[in-house]
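> Below you'll find structure34.cif; it's mmCIF, C-alpha atoms.
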```cif
data_query
loop_
_atom_site.label_atom_id
_atom_site.label_comp_id
_atom_site.auth_asym_id
_atom_site.auth_seq_id
_atom_site.Cartn_x
_atom_site.Cartn_y
_atom_site.Cartn_z
CA MET A 1 -36.79 -33.40 31.67
CA ARG A 2 -38.45 -32.34 34.93
CA VAL A 3 -41.07 -34.31 36.78
CA PHE A 4 -43.24 -32.85 39.55
CA MET A 5 -43.75 -35.14 42.52
CA GLY A 6 -45.82 -34.05 45.48
CA GLY A 7 -44.89 -30.39 45.12
CA VAL A 8 -41.19 -31.21 44.92
CA ILE A 9 -39.32 -30.69 41.66
CA VAL A 10 -37.30 -33.62 40.43
CA ALA A 11 -34.83 -32.73 37.68
CA LEU A 12 -33.51 -35.65 35.63
CA ALA A 13 -30.54 -35.72 33.31
CA THR A 14 -31.40 -35.78 29.62
CA ILE A 15 -31.14 -38.94 27.56
CA ALA A 16 -28.16 -37.43 25.77
CA ASN A 17 -26.29 -37.12 29.05
CA LEU A 18 -27.00 -40.74 29.91
CA ALA A 19 -25.18 -42.11 26.88
CA PRO A 20 -21.64 -42.39 28.35
CA ALA A 21 -22.80 -43.98 31.59
CA VAL A 22 -23.66 -47.50 32.52
CA ALA A 23 -27.17 -48.05 33.88
CA ASP A 24 -26.24 -47.87 37.55
CA GLU A 25 -23.91 -44.85 37.28
CA GLU A 26 -26.01 -42.18 38.98
CA VAL A 27 -26.10 -39.92 42.01
CA ASN A 28 -29.23 -38.60 43.73
CA VAL A 29 -29.06 -35.07 45.10
CA TYR A 30 -31.48 -33.52 47.59
CA SER A 31 -30.91 -29.82 46.92
CA ALA A 32 -32.11 -26.71 48.73
CA ARG A 33 -30.43 -24.49 46.15
CA GLN A 34 -32.35 -22.84 43.31
CA GLU A 35 -32.26 -25.08 40.26
CA VAL A 36 -31.16 -22.26 37.97
CA LEU A 37 -28.00 -21.94 40.08
CA ILE A 38 -27.08 -25.57 40.59
CA LEU A 39 -28.04 -27.20 37.27
CA PRO A 40 -25.10 -25.78 35.25
CA LEU A 41 -22.74 -27.43 37.73
CA LEU A 42 -24.52 -30.77 37.74
CA ASP A 43 -24.84 -30.83 33.96
CA ARG A 44 -21.11 -30.28 33.66
CA PHE A 45 -20.45 -33.07 36.18
CA THR A 46 -22.46 -35.46 34.01
CA GLU A 47 -20.56 -34.35 30.90
CA ARG A 48 -17.23 -34.95 32.63
CA THR A 49 -18.01 -38.26 34.34
CA GLY A 50 -20.98 -39.85 32.56
CA ILE A 51 -22.73 -40.10 35.94
CA THR A 52 -26.43 -39.22 35.78
CA VAL A 53 -27.55 -36.66 38.36
CA ASN A 54 -31.12 -36.89 39.70
CA ILE A 55 -32.26 -33.85 41.68
CA VAL A 56 -34.98 -33.43 44.27
CA SER A 57 -35.39 -29.68 44.93
CA ALA A 58 -37.19 -28.26 47.96
CA LYS A 59 -36.68 -26.06 51.01
CA ALA A 60 -33.93 -27.28 53.32
CA ASP A 61 -36.23 -28.09 56.24
CA ALA A 62 -38.55 -30.05 53.96
CA LEU A 63 -35.62 -32.07 52.65
CA LEU A 64 -34.36 -32.78 56.16
CA ALA A 65 -37.83 -33.98 57.17
CA ARG A 66 -37.97 -36.15 54.05
CA LEU A 67 -34.60 -37.73 54.83
CA GLN A 68 -35.81 -38.54 58.34
CA ARG A 69 -39.03 -40.10 57.06
CA GLU A 70 -37.26 -42.20 54.44
CA GLY A 71 -34.59 -43.47 56.81
CA ILE A 72 -32.63 -46.43 55.53
CA ASN A 73 -34.83 -46.56 52.41
CA SER A 74 -33.83 -43.08 51.27
CA PRO A 75 -32.45 -42.86 47.73
CA ALA A 76 -30.56 -39.66 48.61
CA ASP A 77 -26.81 -39.68 48.06
CA VAL A 78 -26.03 -36.00 48.64
CA PHE A 79 -27.70 -33.32 50.77
CA LEU A 80 -26.88 -29.84 49.42
CA THR A 81 -27.98 -26.65 51.16
CA THR A 82 -27.18 -23.00 51.79
CA ASP A 83 -26.06 -22.61 55.38
CA ALA A 84 -23.57 -24.25 57.72
CA GLY A 85 -26.20 -24.28 60.44
CA ARG A 86 -28.47 -26.51 58.37
CA LEU A 87 -25.58 -28.80 57.51
CA ALA A 88 -24.72 -29.12 61.19
CA ARG A 89 -28.39 -29.83 61.91
CA ALA A 90 -28.33 -32.65 59.35
CA LYS A 91 -25.25 -34.14 60.99
CA GLU A 92 -26.75 -33.92 64.48
CA ALA A 93 -29.92 -35.64 63.24
CA GLY A 94 -27.84 -38.57 61.97
CA LEU A 95 -28.68 -37.88 58.33
CA LEU A 96 -25.11 -37.68 57.01
CA GLN A 97 -22.02 -39.89 56.93
CA PRO A 98 -18.35 -38.87 56.80
CA ALA A 99 -16.89 -38.53 53.31
CA GLN A 100 -13.53 -40.24 52.98
CA SER A 101 -11.65 -37.94 50.62
CA VAL A 102 -8.10 -36.62 50.82
CA ARG A 103 -8.94 -34.16 48.04
CA LEU A 104 -11.82 -32.59 49.99
CA GLU A 105 -9.71 -32.31 53.13
CA GLU A 106 -6.80 -30.75 51.22
CA LEU A 107 -8.77 -28.20 49.20
CA VAL A 108 -11.51 -27.07 51.59
CA PRO A 109 -10.06 -24.99 54.46
CA ALA A 110 -10.78 -26.42 57.90
CA THR A 111 -12.82 -23.29 58.73
CA TYR A 112 -15.34 -24.18 56.02
CA ARG A 113 -15.91 -27.88 56.70
CA ASP A 114 -17.04 -30.23 59.41
CA PRO A 115 -13.97 -31.40 61.37
CA GLU A 116 -15.14 -35.02 61.10
CA GLY A 117 -15.87 -34.84 57.37
CA TYR A 118 -19.67 -34.93 57.53
CA TRP A 119 -20.04 -31.86 55.30
CA PHE A 120 -17.92 -29.51 53.21
CA GLY A 121 -18.35 -25.90 52.12
CA ILE A 122 -18.72 -25.46 48.38
CA SER A 123 -19.02 -21.69 48.09
CA LEU A 124 -18.57 -18.81 50.49
CA ARG A 125 -21.06 -16.02 51.16
CA ALA A 126 -20.33 -12.79 53.03
CA ARG A 127 -22.86 -10.72 55.03
CA PRO A 128 -21.57 -7.14 55.21
CA ILE A 129 -23.31 -3.79 55.56
CA ILE A 130 -25.08 -2.36 52.49
CA TYR A 131 -25.45 1.43 52.60
CA ALA A 132 -27.03 4.26 50.60
CA LYS A 133 -24.34 6.14 48.68
CA ASP A 134 -26.15 9.48 48.86
CA ARG A 135 -27.01 9.40 52.57
CA VAL A 136 -24.19 7.53 54.28
CA LYS A 137 -20.46 8.18 54.20
CA PRO A 138 -18.18 5.16 54.54
CA SER A 139 -16.40 7.03 57.34
CA GLU A 140 -19.62 6.77 59.39
CA LEU A 141 -19.44 2.97 59.32
CA SER A 142 -17.07 0.75 61.26
CA THR A 143 -18.34 -2.43 62.97
CA TYR A 144 -21.45 -4.55 63.40
CA ALA A 145 -21.50 -3.37 67.01
CA ASP A 146 -21.70 0.25 65.90
CA LEU A 147 -25.09 -0.44 64.28
CA THR A 148 -26.57 -0.25 67.78
CA SER A 149 -25.46 3.38 68.11
CA PRO A 150 -28.25 5.99 68.48
CA LYS A 151 -27.07 7.63 65.25
CA TRP A 152 -28.64 4.72 63.34
CA ALA A 153 -32.07 5.04 65.01
CA GLY A 154 -34.80 4.42 62.42
CA ARG A 155 -32.23 3.81 59.69
CA ILE A 156 -31.65 0.02 59.58
CA CYS A 157 -33.37 -2.66 57.50
CA VAL A 158 -32.88 -6.38 58.00
CA ARG A 159 -34.95 -9.47 57.34
CA SER A 160 -36.65 -11.55 60.03
CA SER A 161 -34.69 -13.48 62.64
CA THR A 162 -36.43 -16.59 61.31
CA SER A 163 -33.90 -16.41 58.45
CA VAL A 164 -31.16 -18.94 59.03
CA TYR A 165 -28.68 -16.35 57.72
CA ASN A 166 -29.45 -14.06 60.67
CA GLN A 167 -29.56 -16.97 63.08
CA SER A 168 -26.09 -18.05 61.99
CA MET A 169 -24.81 -14.50 62.34
CA LEU A 170 -26.18 -14.34 65.89
CA ALA A 171 -24.75 -17.79 66.61
CA ALA A 172 -21.30 -16.53 65.59
CA MET A 173 -21.71 -13.61 68.00
CA VAL A 174 -22.71 -15.97 70.79
CA VAL A 175 -19.56 -18.01 70.18
CA ARG A 176 -17.31 -14.95 69.95
CA GLN A 177 -18.81 -12.74 72.66
CA GLY A 178 -21.19 -14.79 74.76
CA VAL A 179 -24.98 -14.81 75.06
CA GLU A 180 -25.28 -11.58 77.06
CA SER A 181 -23.23 -9.53 74.61
CA ALA A 182 -25.04 -11.01 71.60
CA GLU A 183 -28.42 -10.19 73.16
CA HIS A 184 -27.30 -6.63 73.93
CA TRP A 185 -26.35 -6.21 70.28
CA ALA A 186 -29.63 -7.68 69.03
CA ARG A 187 -31.67 -5.38 71.27
CA GLY A 188 -29.74 -2.37 70.04
CA LEU A 189 -30.22 -3.39 66.43
CA VAL A 190 -33.97 -3.86 66.91
CA ALA A 191 -34.20 -0.41 68.52
CA ASN A 192 -32.74 1.09 65.32
CA PHE A 193 -35.02 -0.67 62.84
CA ALA A 194 -36.57 1.60 60.23
CA ARG A 195 -39.46 -0.85 59.82
CA ASP A 196 -40.56 -4.28 60.97
CA PRO A 197 -38.55 -7.04 59.27
CA GLN A 198 -40.11 -8.09 55.99
CA GLY A 199 -39.02 -9.82 52.81
CA GLY A 200 -35.64 -11.27 51.91
CA ASP A 201 -32.20 -9.78 51.45
CA ARG A 202 -33.04 -8.32 48.04
CA ASP A 203 -35.94 -6.46 49.65
CA GLN A 204 -33.63 -4.92 52.25
CA ILE A 205 -31.32 -3.64 49.51
CA ARG A 206 -34.27 -2.28 47.53
CA ALA A 207 -35.50 -0.53 50.69
CA VAL A 208 -32.14 1.20 51.15
CA ALA A 209 -32.20 2.33 47.53
CA ALA A 210 -35.77 3.62 47.93
CA GLY A 211 -34.93 5.64 51.04
CA GLU A 212 -36.92 3.53 53.51
CA CYS A 213 -33.69 2.97 55.44
CA ASP A 214 -30.05 3.93 55.09
CA VAL A 215 -28.23 0.68 55.85
CA ALA A 216 -29.01 -3.03 55.70
CA LEU A 217 -27.43 -6.39 56.40
CA ALA A 218 -27.50 -8.65 53.34
CA ASN A 219 -25.48 -11.34 51.58
CA THR A 220 -23.41 -9.91 48.76
CA TYR A 221 -24.64 -12.23 46.00
CA TYR A 222 -28.10 -10.69 46.30
CA LEU A 223 -26.63 -7.32 45.37
CA ALA A 224 -24.88 -8.94 42.41
CA GLY A 225 -28.21 -10.45 41.36
CA LEU A 226 -29.88 -7.04 41.40
CA ALA A 227 -27.00 -5.47 39.48
CA LYS A 228 -27.26 -8.15 36.77
CA SER A 229 -31.06 -8.26 36.73
CA LYS A 230 -33.13 -7.89 33.56
CA ASP A 231 -35.35 -5.56 35.59
CA LYS A 232 -34.22 -1.96 35.11
CA ALA A 233 -35.56 -0.93 38.52
CA ASP A 234 -33.40 -3.54 40.23
CA ARG A 235 -30.31 -2.45 38.33
CA GLN A 236 -30.97 1.14 39.31
CA ALA A 237 -31.43 0.10 42.94
CA ALA A 238 -28.05 -1.67 42.89
CA GLU A 239 -26.39 1.49 41.57
CA LYS A 240 -27.65 3.50 44.56
CA VAL A 241 -25.97 1.34 47.21
CA ALA A 242 -22.50 0.15 48.10
CA ILE A 243 -20.83 -2.44 50.33
CA PHE A 244 -18.97 -1.70 53.54
CA TRP A 245 -16.79 -4.42 55.06
CA PRO A 246 -17.19 -4.14 58.86
CA ASP A 247 -14.85 -5.25 61.64
CA GLN A 248 -11.71 -5.19 59.56
CA ASP A 249 -9.69 -4.40 62.67
CA GLY A 250 -11.50 -7.11 64.63
CA HIS A 251 -12.81 -10.58 63.84
CA GLY A 252 -13.78 -9.63 60.28
CA VAL A 253 -16.89 -9.93 58.16
CA HIS A 254 -19.39 -12.65 59.03
CA VAL A 255 -19.28 -15.40 56.39
CA ASN A 256 -21.17 -18.61 55.78
CA VAL A 257 -21.15 -21.35 53.16
CA SER A 258 -23.33 -23.27 50.84
CA GLY A 259 -22.24 -26.85 51.24
CA ALA A 260 -22.99 -30.52 50.93
CA GLY A 261 -22.58 -33.84 52.66
CA VAL A 262 -23.02 -37.52 51.82
CA ALA A 263 -26.39 -38.86 52.96
CA LYS A 264 -26.34 -41.46 55.74
CA PHE A 265 -27.73 -44.31 53.64
CA ALA A 266 -26.39 -43.20 50.24
CA PRO A 267 -26.87 -46.08 47.76
CA ASN A 268 -24.26 -44.47 45.48
CA GLN A 269 -21.74 -43.39 48.08
CA ARG A 270 -18.75 -43.49 45.72
CA ASN A 271 -20.47 -41.25 43.17
CA ALA A 272 -21.57 -38.91 45.96
CA VAL A 273 -17.96 -38.34 46.96
CA LYS A 274 -17.02 -37.84 43.29
CA LEU A 275 -19.67 -35.12 43.02
CA LEU A 276 -18.43 -33.33 46.14
CA GLU A 277 -14.88 -33.48 44.81
CA PHE A 278 -16.03 -32.06 41.48
CA LEU A 279 -17.87 -29.19 43.19
CA ILE A 280 -14.70 -27.96 44.86
CA GLY A 281 -12.63 -28.37 41.70
CA GLU A 282 -11.32 -25.47 39.62
CA GLU A 283 -13.99 -25.74 36.92
CA ALA A 284 -16.96 -25.91 39.29
CA GLN A 285 -15.61 -23.13 41.47
CA GLY A 286 -15.36 -20.99 38.34
CA ILE A 287 -18.99 -21.73 37.47
CA TYR A 288 -20.06 -20.80 41.00
CA ALA A 289 -18.22 -17.51 40.60
CA SER A 290 -19.82 -16.62 37.27
CA VAL A 291 -23.34 -17.95 37.82
CA VAL A 292 -23.94 -17.64 41.56
CA ASN A 293 -21.69 -14.63 42.31
CA GLU A 294 -20.46 -16.16 45.55
CA TYR A 295 -16.89 -16.43 46.77
CA PRO A 296 -14.91 -19.64 46.22
CA VAL A 297 -13.93 -21.77 49.21
CA VAL A 298 -10.79 -22.90 47.41
CA THR A 299 -7.85 -20.55 47.67
CA GLY A 300 -6.91 -18.96 44.36
CA ALA A 301 -10.15 -19.79 42.53
CA PRO A 302 -11.56 -16.95 40.38
CA VAL A 303 -14.37 -14.59 41.35
CA ALA A 304 -16.90 -12.85 39.12
CA ASP A 305 -15.98 -9.39 37.84
CA ILE A 306 -18.67 -7.67 39.89
CA VAL A 307 -17.51 -9.48 43.02
CA ALA A 308 -13.90 -8.49 42.33
CA SER A 309 -15.03 -4.86 42.00
CA TRP A 310 -16.05 -4.84 45.67
CA GLY A 311 -12.46 -5.35 46.74
CA THR A 312 -10.98 -7.72 49.27
CA PHE A 313 -11.89 -8.08 52.92
CA LYS A 314 -10.93 -9.86 56.11
CA ALA A 315 -13.37 -12.69 56.85
CA ASP A 316 -14.14 -14.07 60.29
CA ASP A 317 -12.12 -17.27 60.68
CA LEU A 318 -14.56 -18.89 63.10
CA ASN A 319 -15.05 -22.57 62.29
CA LEU A 320 -18.51 -22.64 60.76
CA ALA A 321 -19.26 -26.04 62.26
CA THR A 322 -20.04 -24.18 65.50
CA LEU A 323 -22.96 -22.27 63.96
CA GLY A 324 -25.30 -25.24 64.13
CA THR A 325 -24.27 -26.01 67.70
CA TYR A 326 -25.27 -22.52 68.83
CA ASN A 327 -28.31 -22.08 66.59
CA GLY A 328 -30.73 -22.72 69.45
CA ALA A 329 -29.02 -20.10 71.61
CA ALA A 330 -29.19 -17.64 68.70
CA VAL A 331 -32.91 -18.19 68.23
CA ARG A 332 -33.53 -17.58 71.93
CA VAL A 333 -31.43 -14.39 71.83
CA ALA A 334 -33.51 -13.11 68.90
CA ASP A 335 -36.77 -13.91 70.67
CA ARG A 336 -35.77 -12.16 73.90
CA SER A 337 -34.54 -9.10 71.99
CA GLY A 338 -37.82 -8.66 70.13
CA TRP A 339 -36.29 -9.42 66.72
CA ARG A 340 -39.22 -11.07 64.99
#
```
Spell out the structure here as structure tokens.


Amino acid sequence: MRVFMGGVIVALATIANLAPAVADEEVNVYSARQEVLILPLLDRFTERTGITVNIVSAKADALLARLQREGINSPADVFLTTDAGRLARAKEAGLLQPAQSVRLEELVPATYRDPEGYWFGISLRARPIIYAKDRVKPSELSTYADLTSPKWAGRICVRSSTSVYNQSMLAAMVVRQGVESAEHWARGLVANFARDPQGGDRDQIRAVAAGECDVALANTYYLAGLAKSKDKADRQAAEKVAIFWPDQDGHGVHVNVSGAGVAKFAPNQRNAVKLLEFLIGEEAQGIYASVVNEYPVVTGAPVADIVASWGTFKADDLNLATLGTYNGAAVRVADRSGWR
């Protein structure tokens, strides 16, 4: 059953799922993930534990604002979102508490979690170069830095710098190379844009397929979504492009996480930790692979067939907790470079 409250979707477990649980066995999740992606995981958690999951779904910034307004009276137990920068922002705002869990610390690599336990990565997303098979040879591609070369003038598509995905990518460059170098790269990228930034990652991939540009920066799971789409045009678009893993001789491909943390005033703190532990377990990681087409954060967990077909790559091992710290610097770099 779903109830609409003030423009925010609240998804409640069915009566059938409530049967094994006692009345107070529940966990309240504030989720910035699409319901269609997260519900299979939460339904399985209820089946396994008898704990009812109540979901409030909205954009991440709206959920953060709601947590701040509610304060100590907030019913939220878990904050779940799609970027390490947002998770770091939640920690800095005092909206999370450390999760005491040996299991989480053992299974989630240190690179993909807050060093003090305030949040943990649940799935991994990579942001490589997507290129047109008929107009670009893999031998022409090499690094993110090379995208500023004059040979790519008028050939690059990427979404707005207001996207937290691009902000986190710039933040990683600031950490690795410094503000000046990151700004130089951003200016060079902007100079090579085929068009003004518009739309999301799927739109950048579609633009490459349509010939509006030759290369794009996009998260891989968007390509998987197009390839598996019921829309024939999207499937055809996916067939026209391929993935290139940049910087394999350097720091590696920029990666990020979807992740979660225990809310500061969680009324069901114990169940919140149980849910986080379930989400990084073998079963949940398998569901993420098959439904969401992201990479697992847990070593050895399976990936979807289409994801496996893209091959392996070297990922940047930068601790993602730094992305939130340098988000402000990244935004200023984008503004000064003209990346709107």

> Give the answer as one residue: which of A:Glu140, A:Glu277, A:Glu183, A:Asp146 has the shortest atom-to-atom distance to A:Leu107, using all atoms listed in the file?

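Ranking A:Glu140, A:Glu277, A:Glu183, A:Asp146 by distance to A:Leu107, first place goes to A:Glu277.
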
> Report the closest atom pair, with its distance in Å rounded to one decimal, for each residue of stretch 158-196 of chain A that has an atom no farther than 10 Å from stretch 112-134 of chain A; count all atoms listed in the file, sort by chain and then rising residue number, and write it as CSV.


```
residue,atom,partner,partner_atom,distance
A:Tyr165,CA,A:Arg127,CA,8.5
A:Asn166,CA,A:Arg127,CA,9.3
A:Met169,CA,A:Arg127,CA,8.5
```

> Please provide the set of residues having any atom within 9 Å of A:Tyr326, restricted to all atoms listed in the file, with same-chain residues fewer than 6 positions apart removed, written as a PyMOL selection string.

chain A and resi 85+168+170-172+174-175

> For this file, the PyMOL selection byres ((chain A and resi 309) around 12) selects which residues, as a PDB file with C-alpha atoms, in the frame of the given file?


```
ATOM      1  CA  THR A 220     -23.410  -9.910  48.760  1.00  0.00           C
ATOM      2  CA  ALA A 224     -24.880  -8.940  42.410  1.00  0.00           C
ATOM      3  CA  ALA A 242     -22.500   0.150  48.100  1.00  0.00           C
ATOM      4  CA  ILE A 243     -20.830  -2.440  50.330  1.00  0.00           C
ATOM      5  CA  ASN A 293     -21.690 -14.630  42.310  1.00  0.00           C
ATOM      6  CA  VAL A 303     -14.370 -14.590  41.350  1.00  0.00           C
ATOM      7  CA  ALA A 304     -16.900 -12.850  39.120  1.00  0.00           C
ATOM      8  CA  ASP A 305     -15.980  -9.390  37.840  1.00  0.00           C
ATOM      9  CA  ILE A 306     -18.670  -7.670  39.890  1.00  0.00           C
ATOM     10  CA  VAL A 307     -17.510  -9.480  43.020  1.00  0.00           C
ATOM     11  CA  ALA A 308     -13.900  -8.490  42.330  1.00  0.00           C
ATOM     12  CA  TRP A 310     -16.050  -4.840  45.670  1.00  0.00           C
ATOM     13  CA  GLY A 311     -12.460  -5.350  46.740  1.00  0.00           C
ATOM     14  CA  THR A 312     -10.980  -7.720  49.270  1.00  0.00           C
ATOM     15  CA  PHE A 313     -11.890  -8.080  52.920  1.00  0.00           C
TER      16      PHE A 313
END
```

> I'd like the neighbourhood of stretch 79-82 of chain A as number ranges by chain, where a residue qualifies if any of its atoms comes within 8 Å (using only C-alpha atoms), though same-chain residues fewer than 4 positions away should be ignored.

A: 29-33, 60, 86-87, 257-263

> Once the PyMOL selection byres ((chain A and resi 266-275) around 8) has been evaluated on this model, what residues remain selected, and can you format them as a compact mmCIF listing (two decimals) with C-alpha atoms, in the coordinates of the input?


```txt
# COMPACT_ATOMS: atom_id res chain seq x y z
CA GLU A 25 -23.91 -44.85 37.28
CA GLU A 26 -26.01 -42.18 38.98
CA VAL A 27 -26.10 -39.92 42.01
CA ASN A 28 -29.23 -38.60 43.73
CA PHE A 45 -20.45 -33.07 36.18
CA ILE A 51 -22.73 -40.10 35.94
CA SER A 74 -33.83 -43.08 51.27
CA PRO A 75 -32.45 -42.86 47.73
CA ALA A 76 -30.56 -39.66 48.61
CA ASP A 77 -26.81 -39.68 48.06
CA VAL A 78 -26.03 -36.00 48.64
CA ALA A 99 -16.89 -38.53 53.31
CA GLN A 100 -13.53 -40.24 52.98
CA SER A 101 -11.65 -37.94 50.62
CA VAL A 262 -23.02 -37.52 51.82
CA ALA A 263 -26.39 -38.86 52.96
CA LYS A 264 -26.34 -41.46 55.74
CA PHE A 265 -27.73 -44.31 53.64
CA LEU A 276 -18.43 -33.33 46.14
CA GLU A 277 -14.88 -33.48 44.81
CA PHE A 278 -16.03 -32.06 41.48
CA LEU A 279 -17.87 -29.19 43.19
```

> Just to confirm, what's the straight-line distance from atom CA of A:Arg135 to atom CA of A:Asp201 in Å (one decimal)?

19.9 Å

> When the PyMOL selection byres ((chain A and resi 232-235) around 12) is applied to the file above, which residues end up in the set, as a list in words?

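Selected by the PyMOL selection byres ((chain A and resi 232-235) around 12) here: Arg202, Asp203, Ile205, Arg206, Ala207, Val208, Ala209, Ala210, Tyr222, Leu223, Ala224, Gly225, Leu226, Ala227, Lys228, Ser229, Lys230, Asp231, Gln236, Ala237, Ala238, Glu239, Lys240 and Val241 of chain A.
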
> Hey, can you check how far atom CA of A:Val291 sits from atom CA of A:Leu37?

6.5 Å

> How many Å lie between atom CA of A:Ser163 and atom CA of A:Ala330, rounded to one decimal?

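The value is 11.3 Å.
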
> Restricting the calculation to only C-alpha atoms: of A:Ile280, A:Leu323, A:Ala93, A:Ala315, which residue gets closest to A:Glu105?

A:Ile280

> Calculated over all atoms listed in the file, which of the candidates A:Lys314, A:Arg176, A:Pro150, A:Arg155 has the smallest distance to A:Asp249?

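Nearest candidate to A:Asp249 out of A:Lys314, A:Arg176, A:Pro150, A:Arg155: A:Lys314.
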
> Could you give me, as number ranges by chain, the residues that sit within 12 Å of (-28.3, -5.5, 75.0) in the file's coordinates, counting only C-alpha atoms?

A: 145, 148-149, 178-191, 333-334, 336-338

> Measuring atom to atom with only C-alpha atoms, identify which of A:Cys213, A:Phe244, A:Pro40, A:Leu64 is nearest to A:Ser139.

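Closest candidate: A:Phe244.
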
> Identify which of the residues A:Val108, A:Ala65, A:Val164, A:Leu320 lies closest to A:Asn256, counting only C-alpha atoms when measuring atom-to-atom distances.

A:Leu320

> Write out as an mmCIF file with C-alpha atoms, keeping the file's coordinate frame each polymer residue whose atoms come within 9 Å of A:Glu282, counting all atoms listed in the file; drop sequence neighbours fewer than 5 positions from it.


```
data_model
loop_
_atom_site.group_PDB
_atom_site.id
_atom_site.type_symbol
_atom_site.label_atom_id
_atom_site.label_comp_id
_atom_site.auth_asym_id
_atom_site.auth_seq_id
_atom_site.Cartn_x
_atom_site.Cartn_y
_atom_site.Cartn_z
ATOM 1 C CA ILE A 287 -18.990 -21.730 37.470
ATOM 2 C CA VAL A 298 -10.790 -22.900 47.410
ATOM 3 C CA ALA A 301 -10.150 -19.790 42.530
ATOM 4 C CA PRO A 302 -11.560 -16.950 40.380
#
```
